[in-house]
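Chemist: You'll find my_file25.pdb just under this line, and it carries PDB, C-alpha atoms and all ligand atoms.
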```pdb
ATOM      1  CA  MET E   1      76.777  94.330 106.070
ATOM      2  CA  ASN E   2      78.086  93.690 109.565
ATOM      3  CA  LEU E   3      81.522  94.033 111.128
ATOM      4  CA  ILE E   4      81.924  90.940 113.279
ATOM      5  CA  SER E   5      85.456  89.961 112.296
ATOM      6  CA  ILE E   6      88.133  92.207 110.822
ATOM      7  CA  ALA E   7      88.235  89.539 108.094
ATOM      8  CA  ASP E   8      84.743  90.650 107.021
ATOM      9  CA  LEU E   9      86.709  93.396 105.278
ATOM     10  CA  CYS E  10      89.046  93.089 102.326
ATOM     11  CA  LYS E  11      92.162  95.184 101.779
ATOM     12  CA  GLU E  12      90.305  97.810  99.713
ATOM     13  CA  ASP E  13      87.588  98.110 102.379
ATOM     14  CA  ILE E  14      90.198  98.691 105.063
ATOM     15  CA  ILE E  15      92.115 101.270 103.038
ATOM     16  CA  ARG E  16      88.902 103.132 102.286
ATOM     17  CA  LEU E  17      87.886 103.073 105.960
ATOM     18  CA  LEU E  18      91.319 104.357 107.001
ATOM     19  CA  GLU E  19      91.165 107.141 104.429
ATOM     20  CA  SER E  20      87.725 108.056 105.722
ATOM     21  CA  ALA E  21      89.007 107.963 109.335
ATOM     22  CA  ASP E  22      91.924 110.240 108.378
ATOM     23  CA  ALA E  23      89.457 112.678 106.814
ATOM     24  CA  PHE E  24      87.222 112.642 109.915
ATOM     25  CA  LYS E  25      90.308 113.238 112.043
ATOM     26  CA  ALA E  26      91.493 116.166 109.932
ATOM     27  CA  GLN E  27      88.005 117.689 109.723
ATOM     28  CA  ARG E  28      86.842 117.229 113.304
ATOM     29  CA  GLY E  29      84.289 119.908 114.098
ATOM     30  CA  HIS E  30      83.717 120.660 110.410
ATOM     31  CA  HIS E  31      82.740 117.352 108.821
ATOM     32  CA  GLY E  32      79.265 116.289 107.703
ATOM     33  CA  ARG E  33      76.578 114.661 109.856
ATOM     34  CA  PRO E  34      75.635 111.562 107.843
ATOM     35  CA  LEU E  35      73.835 109.952 110.816
ATOM     36  CA  GLN E  36      71.365 112.799 111.290
ATOM     37  CA  GLY E  37      68.071 111.300 112.467
ATOM     38  CA  LYS E  38      69.622 107.867 113.122
ATOM     39  CA  SER E  39      70.148 105.959 116.350
ATOM     40  CA  LEU E  40      72.784 103.484 117.485
ATOM     41  CA  ALA E  41      72.114 100.826 120.151
ATOM     42  CA  MET E  42      75.293 100.009 122.061
ATOM     43  CA  ILE E  43      74.986  96.795 124.087
ATOM     44  CA  PHE E  44      77.661  96.206 126.713
ATOM     45  CA  GLU E  45      78.034  92.964 128.677
ATOM     46  CA  LYS E  46      81.437  94.141 129.961
ATOM     47  CA  PRO E  47      82.925  97.449 131.153
ATOM     48  CA  SER E  48      84.443  99.900 128.684
ATOM     49  CA  THR E  49      86.040 103.326 128.611
ATOM     50  CA  ARG E  50      87.394 103.820 125.084
ATOM     51  CA  THR E  51      84.855 101.827 123.109
ATOM     52  CA  ARG E  52      81.839 103.287 124.842
ATOM     53  CA  VAL E  53      83.000 106.894 124.841
ATOM     54  CA  SER E  54      84.524 106.880 121.353
ATOM     55  CA  LEU E  55      81.383 105.327 119.866
ATOM     56  CA  GLU E  56      79.055 107.688 121.726
ATOM     57  CA  VAL E  57      81.014 110.795 120.765
ATOM     58  CA  ALA E  58      81.560 109.573 117.203
ATOM     59  CA  CYS E  59      77.849 108.880 116.762
ATOM     60  CA  SER E  60      76.859 112.281 118.214
ATOM     61  CA  GLU E  61      79.381 114.172 116.091
ATOM     62  CA  LEU E  62      77.980 112.417 113.007
ATOM     63  CA  GLY E  63      74.547 113.740 113.974
ATOM     64  CA  GLY E  64      73.233 110.442 115.353
ATOM     65  CA  HIS E  65      71.806 109.434 118.720
ATOM     66  CA  PRO E  66      73.773 106.784 120.664
ATOM     67  CA  LEU E  67      72.016 104.672 123.323
ATOM     68  CA  TYR E  68      74.199 102.986 125.937
ATOM     69  CA  LEU E  69      72.527  99.712 126.909
ATOM     70  CA  SER E  70      74.078  97.745 129.737
ATOM     71  CA  ALA E  71      73.133  94.114 129.052
ATOM     72  CA  GLY E  72      72.239  93.619 132.711
ATOM     73  CA  GLU E  73      69.650  96.374 132.496
ATOM     74  CA  LEU E  74      68.051  95.043 129.328
ATOM     75  CA  GLN E  75      65.507  92.218 129.398
ATOM     76  CA  LEU E  76      68.402  90.247 127.878
ATOM     77  CA  GLY E  77      69.714  90.038 131.425
ATOM     78  CA  ARG E  78      66.436  88.401 132.506
ATOM     79  CA  GLY E  79      66.448  85.771 129.805
ATOM     80  CA  GLU E  80      64.979  87.419 126.704
ATOM     81  CA  THR E  81      66.755  85.793 123.790
ATOM     82  CA  VAL E  82      69.512  87.430 121.790
ATOM     83  CA  ALA E  83      67.470  86.787 118.633
ATOM     84  CA  ASP E  84      64.367  88.566 119.967
ATOM     85  CA  THR E  85      66.491  91.441 121.244
ATOM     86  CA  ALA E  86      68.000  91.810 117.763
ATOM     87  CA  ARG E  87      64.583  91.686 116.084
ATOM     88  CA  VAL E  88      63.141  94.350 118.389
ATOM     89  CA  LEU E  89      66.122  96.721 118.403
ATOM     90  CA  SER E  90      66.264  96.538 114.598
ATOM     91  CA  ARG E  91      62.812  98.140 114.480
ATOM     92  CA  TYR E  92      63.994 101.154 116.480
ATOM     93  CA  VAL E  93      67.606 101.827 115.621
ATOM     94  CA  HIS E  94      69.827 102.002 112.542
ATOM     95  CA  GLY E  95      72.824 100.124 113.884
ATOM     96  CA  ILE E  96      73.842  97.918 116.827
ATOM     97  CA  THR E  97      77.233  97.587 118.477
ATOM     98  CA  ALA E  98      77.774  94.829 121.021
ATOM     99  CA  ARG E  99      80.529  94.053 123.518
ATOM    100  CA  VAL E 100      79.946  90.468 124.576
ATOM    101  CA  PHE E 101      81.557  87.600 126.416
ATOM    102  CA  SER E 102      80.833  84.969 123.782
ATOM    103  CA  HIS E 103      81.566  85.651 120.122
ATOM    104  CA  ASN E 104      78.491  83.580 119.309
ATOM    105  CA  THR E 105      76.297  86.287 120.880
ATOM    106  CA  VAL E 106      77.403  88.907 118.364
ATOM    107  CA  ILE E 107      76.973  86.384 115.537
ATOM    108  CA  GLN E 108      73.413  85.663 116.713
ATOM    109  CA  LEU E 109      72.656  89.381 116.975
ATOM    110  CA  ALA E 110      73.806  89.849 113.389
ATOM    111  CA  LYS E 111      71.858  86.840 112.189
ATOM    112  CA  HIS E 112      68.564  88.138 113.589
ATOM    113  CA  SER E 113      69.055  91.865 113.073
ATOM    114  CA  SER E 114      67.935  93.782 110.019
ATOM    115  CA  VAL E 115      70.357  96.644 110.713
ATOM    116  CA  PRO E 116      74.186  96.481 110.714
ATOM    117  CA  VAL E 117      75.822  94.878 113.756
ATOM    118  CA  VAL E 118      79.363  95.748 114.854
ATOM    119  CA  ASN E 119      81.466  93.670 117.231
ATOM    120  CA  ALA E 120      82.685  96.021 119.974
ATOM    121  CA  LEU E 121      84.846  93.190 121.439
ATOM    122  CA  SER E 122      84.103  89.546 122.012
ATOM    123  CA  ASP E 123      86.232  86.773 123.460
ATOM    124  CA  TRP E 124      87.394  86.103 119.895
ATOM    125  CA  GLU E 125      88.006  89.450 118.169
ATOM    126  CA  HIS E 126      88.176  93.244 118.501
ATOM    127  CA  PRO E 127      87.878  94.600 114.953
ATOM    128  CA  LEU E 128      87.214  98.248 115.930
ATOM    129  CA  GLN E 129      90.444  98.260 117.922
ATOM    130  CA  ILE E 130      92.494  96.949 115.060
ATOM    131  CA  LEU E 131      91.165  99.572 112.658
ATOM    132  CA  ALA E 132      92.454 102.223 115.090
ATOM    133  CA  ASP E 133      95.782 100.390 115.350
ATOM    134  CA  LEU E 134      96.072 100.302 111.559
ATOM    135  CA  GLN E 135      95.260 104.006 111.328
ATOM    136  CA  THR E 136      97.968 104.729 113.905
ATOM    137  CA  MET E 137     100.577 102.613 112.103
ATOM    138  CA  ARG E 138      99.702 104.070 108.721
ATOM    139  CA  GLN E 139      99.921 107.614 110.027
ATOM    140  CA  HIS E 140     103.296 106.905 111.582
ATOM    141  CA  PHE E 141     104.922 104.958 108.746
ATOM    142  CA  GLY E 142     102.915 106.175 105.736
ATOM    143  CA  ARG E 143     102.181 102.570 104.751
ATOM    144  CA  LEU E 144     101.041  99.232 106.115
ATOM    145  CA  GLU E 145     102.316  96.765 103.551
ATOM    146  CA  GLY E 146     105.587  95.194 104.605
ATOM    147  CA  LEU E 147     105.500  96.488 108.192
ATOM    148  CA  ARG E 148     106.838  94.031 110.754
ATOM    149  CA  VAL E 149     104.826  93.724 113.943
ATOM    150  CA  GLY E 150     105.779  91.937 117.161
ATOM    151  CA  TRP E 151     102.992  90.883 119.547
ATOM    152  CA  ILE E 152     104.081  90.198 123.108
ATOM    153  CA  GLY E 153     101.788  88.218 125.422
ATOM    154  CA  ASP E 154      98.383  86.622 125.268
ATOM    155  CA  GLY E 155      97.189  85.224 121.933
ATOM    156  CA  ASN E 156      93.781  86.735 122.687
ATOM    157  CA  ASN E 157      90.929  88.608 120.960
ATOM    158  CA  VAL E 158      93.000  91.686 120.044
ATOM    159  CA  CYS E 159      95.869  89.503 118.862
ATOM    160  CA  ASN E 160      93.463  87.473 116.704
ATOM    161  CA  SER E 161      92.182  90.580 114.939
ATOM    162  CA  LEU E 162      95.735  91.876 114.497
ATOM    163  CA  ILE E 163      96.826  88.578 112.933
ATOM    164  CA  LEU E 164      93.928  88.592 110.472
ATOM    165  CA  ALA E 165      94.344  92.286 109.630
ATOM    166  CA  SER E 166      98.054  91.796 109.033
ATOM    167  CA  ALA E 167      97.361  88.924 106.692
ATOM    168  CA  ILE E 168      94.877  91.082 104.761
ATOM    169  CA  MET E 169      97.160  94.136 104.612
ATOM    170  CA  GLY E 170     100.423  92.326 103.802
ATOM    171  CA  MET E 171     102.160  92.892 107.129
ATOM    172  CA  GLU E 172     104.386  90.378 108.943
ATOM    173  CA  VAL E 173     103.551  89.372 112.502
ATOM    174  CA  CYS E 174     105.624  87.501 115.051
ATOM    175  CA  VAL E 175     103.701  86.520 118.201
ATOM    176  CA  ALA E 176     105.558  85.660 121.422
ATOM    177  CA  SER E 177     103.270  83.866 123.875
ATOM    178  CA  PRO E 178     103.739  81.461 126.758
ATOM    179  CA  ALA E 179     102.942  77.815 125.996
ATOM    180  CA  GLY E 180      99.185  77.293 126.064
ATOM    181  CA  TYR E 181      98.383  80.947 125.371
ATOM    182  CA  GLU E 182      99.333  81.090 121.689
ATOM    183  CA  PRO E 183      96.802  82.215 119.079
ATOM    184  CA  LYS E 184      94.296  79.454 118.317
ATOM    185  CA  ALA E 185      94.772  77.104 115.362
ATOM    186  CA  ARG E 186      91.569  78.386 113.721
ATOM    187  CA  ILE E 187      92.953  81.936 113.551
ATOM    188  CA  MET E 188      96.309  80.730 112.236
ATOM    189  CA  LYS E 189      94.555  78.718 109.558
ATOM    190  CA  GLU E 190      92.380  81.659 108.529
ATOM    191  CA  ALA E 191      95.452  83.927 108.423
ATOM    192  CA  GLU E 192      97.240  81.400 106.247
ATOM    193  CA  ARG E 193      94.248  81.275 103.908
ATOM    194  CA  LEU E 194      94.443  85.072 103.642
ATOM    195  CA  GLY E 195      98.123  84.821 102.687
ATOM    196  CA  GLY E 196      99.481  85.885 106.091
ATOM    197  CA  ARG E 197     103.080  85.628 107.229
ATOM    198  CA  ILE E 198     102.621  84.799 110.897
ATOM    199  CA  GLU E 199     105.253  83.328 113.177
ATOM    200  CA  VAL E 200     104.659  82.134 116.736
ATOM    201  CA  VAL E 201     107.607  81.966 119.145
ATOM    202  CA  SER E 202     108.055  81.620 122.875
ATOM    203  CA  GLU E 203     110.698  84.302 123.613
ATOM    204  CA  PRO E 204     109.670  87.987 123.644
ATOM    205  CA  ALA E 205     113.101  88.967 122.220
ATOM    206  CA  GLN E 206     112.478  86.825 119.134
ATOM    207  CA  ALA E 207     109.251  88.711 118.406
ATOM    208  CA  ALA E 208     110.751  92.135 119.109
ATOM    209  CA  ARG E 209     113.972  91.999 117.084
ATOM    210  CA  GLY E 210     113.897  94.488 114.188
ATOM    211  CA  VAL E 211     110.149  95.079 114.210
ATOM    212  CA  ASP E 212     108.468  98.381 113.334
ATOM    213  CA  VAL E 213     105.656  97.991 115.855
ATOM    214  CA  LEU E 214     105.595  96.298 119.253
ATOM    215  CA  VAL E 215     102.114  95.524 120.567
ATOM    216  CA  THR E 216     100.876  94.071 123.800
ATOM    217  CA  ASP E 217      97.671  93.685 125.808
ATOM    218  CA  THR E 218      96.649  92.744 129.314
ATOM    219  CA  TRP E 219      97.682  89.351 130.686
ATOM    220  CA  VAL E 220      94.185  88.949 132.159
ATOM    221  CA  SER E 221      91.383  89.802 129.757
ATOM    222  CA  MET E 222      87.793  90.465 130.851
ATOM    223  CA  GLY E 223      86.303  87.047 131.461
ATOM    224  CA  ASP E 224      89.669  85.499 132.444
ATOM    225  CA  GLU E 225      89.606  86.790 136.027
ATOM    226  CA  ALA E 226      89.305  83.295 137.541
ATOM    227  CA  GLU E 227      92.718  82.467 136.014
ATOM    228  CA  GLU E 228      94.379  85.659 137.252
ATOM    229  CA  ALA E 229      96.873  84.124 139.690
ATOM    230  CA  GLU E 230      98.043  81.525 137.173
ATOM    231  CA  ARG E 231      98.270  84.094 134.377
ATOM    232  CA  LEU E 232     100.322  86.533 136.459
ATOM    233  CA  ARG E 233     102.744  83.669 137.122
ATOM    234  CA  VAL E 234     102.969  82.457 133.516
ATOM    235  CA  PHE E 235     103.160  85.844 131.756
ATOM    236  CA  GLY E 236     105.902  87.418 133.936
ATOM    237  CA  LYS E 237     108.514  87.895 131.176
ATOM    238  CA  TYR E 238     106.033  88.922 128.440
ATOM    239  CA  GLN E 239     106.485  92.592 129.120
ATOM    240  CA  VAL E 240     107.114  95.466 126.726
ATOM    241  CA  ASN E 241     109.880  97.369 128.501
ATOM    242  CA  SER E 242     112.771  99.604 127.408
ATOM    243  CA  GLU E 243     115.081  96.644 126.982
ATOM    244  CA  LEU E 244     112.638  94.994 124.575
ATOM    245  CA  MET E 245     111.995  98.291 122.747
ATOM    246  CA  ARG E 246     115.761  98.570 122.104
ATOM    247  CA  LEU E 247     115.614  95.320 120.101
ATOM    248  CA  ALA E 248     112.975  96.776 117.770
ATOM    249  CA  SER E 249     113.897  99.050 114.861
ATOM    250  CA  GLU E 250     115.122 102.513 115.770
ATOM    251  CA  ASP E 251     111.886 104.272 114.796
ATOM    252  CA  ALA E 252     109.577 101.561 116.152
ATOM    253  CA  ILE E 253     106.385 102.477 117.958
ATOM    254  CA  ALA E 254     104.686 100.751 120.902
ATOM    255  CA  LEU E 255     100.936 100.115 120.841
ATOM    256  CA  HIS E 256      98.522  98.908 123.513
ATOM    257  CA  CYS E 257      94.734  98.851 123.123
ATOM    258  CA  LEU E 258      94.398  99.897 126.785
ATOM    259  CA  PRO E 259      93.493  99.640 129.597
ATOM    260  CA  ALA E 260      97.137  99.010 130.519
ATOM    261  CA  HIS E 261      98.321  97.315 133.651
ATOM    262  CA  ARG E 262     101.434  99.391 134.097
ATOM    263  CA  GLY E 263     104.289  97.307 135.457
ATOM    264  CA  GLN E 264     102.796  94.098 134.120
ATOM    265  CA  GLU E 265     102.539  93.791 130.309
ATOM    266  CA  ILE E 266     104.009  97.273 129.736
ATOM    267  CA  THR E 267     106.204  99.585 131.781
ATOM    268  CA  ASP E 268     105.666 103.282 132.561
ATOM    269  CA  GLU E 269     108.878 104.016 130.687
ATOM    270  CA  VAL E 270     107.458 102.627 127.425
ATOM    271  CA  MET E 271     103.879 103.879 127.929
ATOM    272  CA  ASP E 272     105.085 107.418 128.582
ATOM    273  CA  GLY E 273     108.183 107.256 126.387
ATOM    274  CA  GLU E 274     108.891 108.854 123.014
ATOM    275  CA  GLN E 275     108.123 105.704 121.070
ATOM    276  CA  SER E 276     104.697 105.270 122.612
ATOM    277  CA  ALA E 277     101.767 105.794 120.247
ATOM    278  CA  VAL E 278      99.184 104.435 122.682
ATOM    279  CA  PHE E 279      97.257 107.650 123.249
ATOM    280  CA  GLU E 280      97.159 108.458 119.527
ATOM    281  CA  GLU E 281      95.893 104.900 119.108
ATOM    282  CA  ALA E 282      93.192 105.534 121.723
ATOM    283  CA  GLU E 283      92.162 108.765 119.978
ATOM    284  CA  ASN E 284      91.993 106.963 116.650
ATOM    285  CA  ARG E 285      89.270 104.705 118.064
ATOM    286  CA  MET E 286      86.911 107.646 117.597
ATOM    287  CA  HIS E 287      87.967 108.520 114.048
ATOM    288  CA  THR E 288      87.825 104.912 112.846
ATOM    289  CA  SER E 289      84.446 104.420 114.558
ATOM    290  CA  LYS E 290      83.118 107.399 112.635
ATOM    291  CA  ALA E 291      84.366 105.829 109.416
ATOM    292  CA  VAL E 292      82.682 102.517 110.254
ATOM    293  CA  MET E 293      79.357 104.121 111.222
ATOM    294  CA  ALA E 294      79.290 106.483 108.252
ATOM    295  CA  TRP E 295      79.909 103.503 106.021
ATOM    296  CA  LEU E 296      77.425 101.093 107.592
ATOM    297  CA  MET E 297      74.630 103.377 108.732
ATOM    298  CA  SER E 298      74.423 106.375 106.445
ATOM    299  CA  GLY E 299      72.436 104.794 103.616
ATOM    300  CA  PRO E 300      68.692 104.190 103.501
ATOM    301  CA  ARG E 301      67.486 101.378 105.769
ATOM    302  CA  GLU E 302      66.407  99.109 102.908
ATOM    303  CA  GLN E 303      69.956  99.059 101.587
ATOM    304  CA  TYR E 304      71.607  97.885 104.798
ATOM    305  CA  ARG E 305      71.399  94.199 104.067
ATOM    306  CA  ARG E 306      72.691  94.604 100.536
ATOM    307  CA  GLY E 307      76.147  95.773 101.502
ATOM    308  CA  PHE E 308      75.325  99.371 100.660
ATOM    309  CA  CYS E 309      78.015 101.879 101.354
ATOM    310  CA  ALA E 310      78.168 105.610 100.859
ATOM    311  CA  SER E 311      80.668 105.409  97.995
ATOM    312  CA  GLY E 312      79.296 102.162  96.639
ATOM    313  CA  ALA E 313      82.866 100.933  96.504
ATOM    314  CA  PHE E 314      83.178  98.486  99.360
ATOM    315  CA  CYS E 315      83.716  95.128  97.833
ATOM    316  CA  LYS E 316      82.391  92.678 100.431
ATOM    317  CA  SER E 317      78.832  92.421 101.613
TER
HETATM  318  N1  LIG E 401      90.600  99.251 124.003
HETATM  319  C1  LIG E 401      89.335  99.142 124.469
HETATM  320  O1  LIG E 401      88.475  98.501 123.852
HETATM  321  O2  LIG E 401      89.157  99.789 125.638
HETATM  322  P1  LIG E 401      87.834  99.771 126.538
HETATM  323  O3  LIG E 401      87.753  98.400 127.161
HETATM  324  O4  LIG E 401      88.047 100.857 127.538
HETATM  325  O5  LIG E 401      86.656 100.002 125.646
HETATM  326  N1  LIG E 402      91.987  91.638 125.708
HETATM  327  C1  LIG E 402      91.315  92.647 126.473
HETATM  328  C2  LIG E 402      91.035  93.829 125.636
HETATM  329  C3  LIG E 402      90.356  94.966 126.332
HETATM  330  C4  LIG E 402      90.065  96.110 125.434
HETATM  331  C5  LIG E 402      90.041  92.081 127.056
HETATM  332  O1  LIG E 402      89.360  91.316 126.355
HETATM  333  O2  LIG E 402      89.725  92.373 128.206
END
```
Since I need it in another form, could you write the structure as structure tokens?
Ligand code: CP
Ligand code: NVA
Modeler:
Amino acid sequence: MNLISIADLCKEDIIRLLESADAFKAQRGHHGRPLQGKSLAMIFEKPSTRTRVSLEVACSELGGHPLYLSAGELQLGRGETVADTARVLSRYVHGITARVFSHNTVIQLAKHSSVPVVNALSDWEHPLQILADLQTMRQHFGRLEGLRVGWIGDGNNVCNSLILASAIMGMEVCVASPAGYEPKARIMKEAERLGGRIEVVSEPAQAARGVDVLVTDTWVSMGDEAEEAERLRVFGKYQVNSELMRLASEDAIALHCLPAHRGQEITDEVMDGEQSAVFEEAENRMHTSKAVMAWLMSGPREQYRRGFCASGAFCKS
């Protein structure tokens, strides 16, 4: 089993992972160490604060040994193939996480690896982030089904995973993006197939009105730097600010995967305000990562490719 797309999981998988993450959160410092004697290779083609640190700490606290591998310092950076890298790493470690520019790289890693591979952000999706977002929403509202979510800004990797997760969990999403930056047709089609209720609009106010959760992300994702000037021009009004928060429901929360560009896609007032759940969301990256690793990596090696999980209850493999 791999976690490449959030849609690799079904509703029951996600609920079980969130329950496990809640338990790890409540029992921090006292929980078991199911990764004792196991190692995790963490490949990074791009910078990271939350993903790197939360995975490293999560792995250590589960008793495992995390290895940070900057792609540029691996032979990968000198032309060794992704497939050969996957084959070799699989003989040493018990799991691989990869933050990559091209989604195809993480797919190739998974194809040629004999241990679980987890997408730690690609240009297409960020499933680990969305699990933390779901944990945050569920802790705040006590449920996910029926929640209304407004996404303000770029129809990017994080937005894609949010759209798919919402479709799986029975949440409604309204995305407000500038023309040309809406979520891609392939994601919309997949969300529709999953029974999603997704609306795409052009005005931020339309996406914010009455929602339970307002979410945004940077206007310039890693890899989009060459378009920075154009993006800063186009995205100007796609900002989560106090005025926009007032349109949301009274007890709405604001989420942002971080890093935030304060004053661009989100204001200080919202980030540091009472309705902000962004730092809880950041913390939850660690608890949800523990749940994912305990699920994917705690069983015997020979069971990895058969969709083994600790409880035996995950329904997709
Ligand atoms: N949200 C997130 O993935 O942050 P990092 O880029 O710091 O890992
Ligand atoms: N969309 C952002 C997310 C960073 C965590 C990026 O890809 O850079």
Chemist: Would you mind listing the residues within 9 Å of ligand LIG 401 (chain E), counting only C-alpha atoms and all ligand atoms, as a list of chain:residue names?
Modeler: E:Lys46, E:Pro47, E:Ser48, E:Thr49, E:Arg50, E:Thr51, E:Arg52, E:Val53, E:Ser54, E:Arg99, E:Ala120, E:Leu121, E:His126, E:Leu128, E:Gln129, E:Val158, E:Met222, E:His256, E:Cys257, E:Leu258, E:Pro259, E:Ala282, E:Arg285
Chemist: Print the selection's residues with C-alpha atoms to a file, as a PDB file, keeping the file's coordinate frame.
Modeler:
```pdb
ATOM      1  CA  LYS E  46      81.437  94.141 129.961  1.00  0.00           C
ATOM      2  CA  PRO E  47      82.925  97.449 131.153  1.00  0.00           C
ATOM      3  CA  SER E  48      84.443  99.900 128.684  1.00  0.00           C
ATOM      4  CA  THR E  49      86.040 103.326 128.611  1.00  0.00           C
ATOM      5  CA  ARG E  50      87.394 103.820 125.084  1.00  0.00           C
ATOM      6  CA  THR E  51      84.855 101.827 123.109  1.00  0.00           C
ATOM      7  CA  ARG E  52      81.839 103.287 124.842  1.00  0.00           C
ATOM      8  CA  VAL E  53      83.000 106.894 124.841  1.00  0.00           C
ATOM      9  CA  SER E  54      84.524 106.880 121.353  1.00  0.00           C
ATOM     10  CA  ARG E  99      80.529  94.053 123.518  1.00  0.00           C
ATOM     11  CA  ALA E 120      82.685  96.021 119.974  1.00  0.00           C
ATOM     12  CA  LEU E 121      84.846  93.190 121.439  1.00  0.00           C
ATOM     13  CA  HIS E 126      88.176  93.244 118.501  1.00  0.00           C
ATOM     14  CA  LEU E 128      87.214  98.248 115.930  1.00  0.00           C
ATOM     15  CA  GLN E 129      90.444  98.260 117.922  1.00  0.00           C
ATOM     16  CA  VAL E 158      93.000  91.686 120.044  1.00  0.00           C
ATOM     17  CA  MET E 222      87.793  90.465 130.851  1.00  0.00           C
ATOM     18  CA  HIS E 256      98.522  98.908 123.513  1.00  0.00           C
ATOM     19  CA  CYS E 257      94.734  98.851 123.123  1.00  0.00           C
ATOM     20  CA  LEU E 258      94.398  99.897 126.785  1.00  0.00           C
ATOM     21  CA  PRO E 259      93.493  99.640 129.597  1.00  0.00           C
ATOM     22  CA  ALA E 282      93.192 105.534 121.723  1.00  0.00           C
ATOM     23  CA  ARG E 285      89.270 104.705 118.064  1.00  0.00           C
TER      24      ARG E 285
END
```
Chemist: Which residues fall under the PyMOL selection byres (((chain E and resi 262) around 12) and not hetatm) in this file, as a PyMOL selection string?
Modeler: chain E and resi 216-219+239-241+256+258-261+263-272
Chemist: With distances taken over only C-alpha atoms, which of E:Glu283, E:Gly37, E:Leu17, E:Val118 is nearest to Thr105 of chain E?
Modeler: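 Looking at the shortest contact to Thr105 of chain E, the residue is E:Val118.
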Chemist: Any chance you could work out the axis-aligned box around ligand LIG 402 (chain E), listed atoms only, 8 Å on each side, giving centre and edge lengths in Å to one decimal, as lines of an AutoDock Vina configuration file?
Modeler:
```
center_x = 90.7
center_y = 93.7
center_z = 126.8
size_x = 18.6
size_y = 20.8
size_z = 18.8
```
Chemist: Choose the residue, out of E:Pro116, E:Gly180, E:Gly273, E:Gly155, that has the smallest atom-to-atom separation from ligand LIG 402 (chain E); count all atoms listed in the file.
Modeler: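 For ligand LIG 402 (chain E), the nearest of the candidates is E:Gly155.
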Chemist: Where does the PyMOL selection byres (((chain E and resi 287) around 8) and not hetatm) land in this file, that is, which residues does it pick, as number ranges by chain?
Modeler: E: 21-22, 24-25, 58, 132, 283-286, 288-291
Chemist: Compare E:Asp224, E:Glu190, E:Glu203, E:Asp251 by their minimum atom-to-atom distance to ligand LIG 402 (chain E), counting only C-alpha atoms and all ligand atoms, and give me the closest one.
Modeler: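 When distances to ligand LIG 402 (chain E) are compared using only C-alpha atoms and all ligand atoms, the smallest one comes from E:Asp224.
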Chemist: Between atom CA of Leu40 of chain E and atom CA of His65 of chain E, what is the spacing in Å?
Modeler: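 Interatomic distance, atom CA of His65 of chain E to atom CA of Leu40 of chain E: 6.2 Å.
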Chemist: Please work out which residues fall within 9 Å of (66.4, 109.3, 117.5), coordinates as given in the file, with all atoms listed in the file counting, and return them as a ChimeraX atom specification.
Modeler: /E:36-40,64-66,92-93
Chemist: Within 7 Å of segment 165-171 of chain E, counting all atoms listed in the file, which residues qualify if same-chain residues fewer than 2 places away don't, as a list in words?
Modeler: Ile6, Ala7, Cys10, Lys11, Leu144, Glu145, Gly146, Leu147, Arg148, Ser161, Leu162, Ile163, Val173, Ala191, Leu194, Gly195, Gly196 and Arg197 of chain E
Chemist: Export segment 111-118 of chain E, N, CA, C and O atoms, as a PDB file, in the first residue's frame; it's the structure right above.
Modeler:
```
ATOM      1  N   LYS E 111       6.115   2.526  -7.953  1.00  0.00           N
ATOM      2  CA  LYS E 111       6.070   1.394  -8.885  1.00  0.00           C
ATOM      3  C   LYS E 111       7.269   0.457  -8.689  1.00  0.00           C
ATOM      4  O   LYS E 111       7.145  -0.757  -8.807  1.00  0.00           O
ATOM      5  N   HIS E 112       8.433   1.027  -8.379  1.00  0.00           N
ATOM      6  CA  HIS E 112       9.645   0.214  -8.321  1.00  0.00           C
ATOM      7  C   HIS E 112      10.116  -0.085  -6.898  1.00  0.00           C
ATOM      8  O   HIS E 112      11.174  -0.675  -6.713  1.00  0.00           O
ATOM      9  N   SER E 113       9.327   0.334  -5.925  1.00  0.00           N
ATOM     10  CA  SER E 113       9.707   0.096  -4.529  1.00  0.00           C
ATOM     11  C   SER E 113       8.972  -1.130  -3.997  1.00  0.00           C
ATOM     12  O   SER E 113       7.844  -1.408  -4.404  1.00  0.00           O
ATOM     13  N   SER E 114       9.615  -1.842  -3.091  1.00  0.00           N
ATOM     14  CA  SER E 114       8.905  -2.956  -2.457  1.00  0.00           C
ATOM     15  C   SER E 114       8.492  -2.610  -1.032  1.00  0.00           C
ATOM     16  O   SER E 114       8.045  -3.469  -0.280  1.00  0.00           O
ATOM     17  N   VAL E 115       8.672  -1.344  -0.654  1.00  0.00           N
ATOM     18  CA  VAL E 115       8.181  -0.870   0.652  1.00  0.00           C
ATOM     19  C   VAL E 115       7.202   0.288   0.382  1.00  0.00           C
ATOM     20  O   VAL E 115       7.216   0.865  -0.714  1.00  0.00           O
ATOM     21  N   PRO E 116       6.360   0.639   1.352  1.00  0.00           N
ATOM     22  CA  PRO E 116       5.368   1.690   1.113  1.00  0.00           C
ATOM     23  C   PRO E 116       6.009   3.037   0.762  1.00  0.00           C
ATOM     24  O   PRO E 116       7.047   3.401   1.329  1.00  0.00           O
ATOM     25  N   VAL E 117       5.385   3.748  -0.163  1.00  0.00           N
ATOM     26  CA  VAL E 117       5.850   5.073  -0.567  1.00  0.00           C
ATOM     27  C   VAL E 117       4.743   6.083  -0.258  1.00  0.00           C
ATOM     28  O   VAL E 117       3.567   5.850  -0.561  1.00  0.00           O
ATOM     29  N   VAL E 118       5.141   7.197   0.358  1.00  0.00           N
ATOM     30  CA  VAL E 118       4.176   8.240   0.722  1.00  0.00           C
ATOM     31  C   VAL E 118       4.568   9.546   0.027  1.00  0.00           C
ATOM     32  O   VAL E 118       5.725   9.966   0.089  1.00  0.00           O
TER      33      VAL E 118
END
```
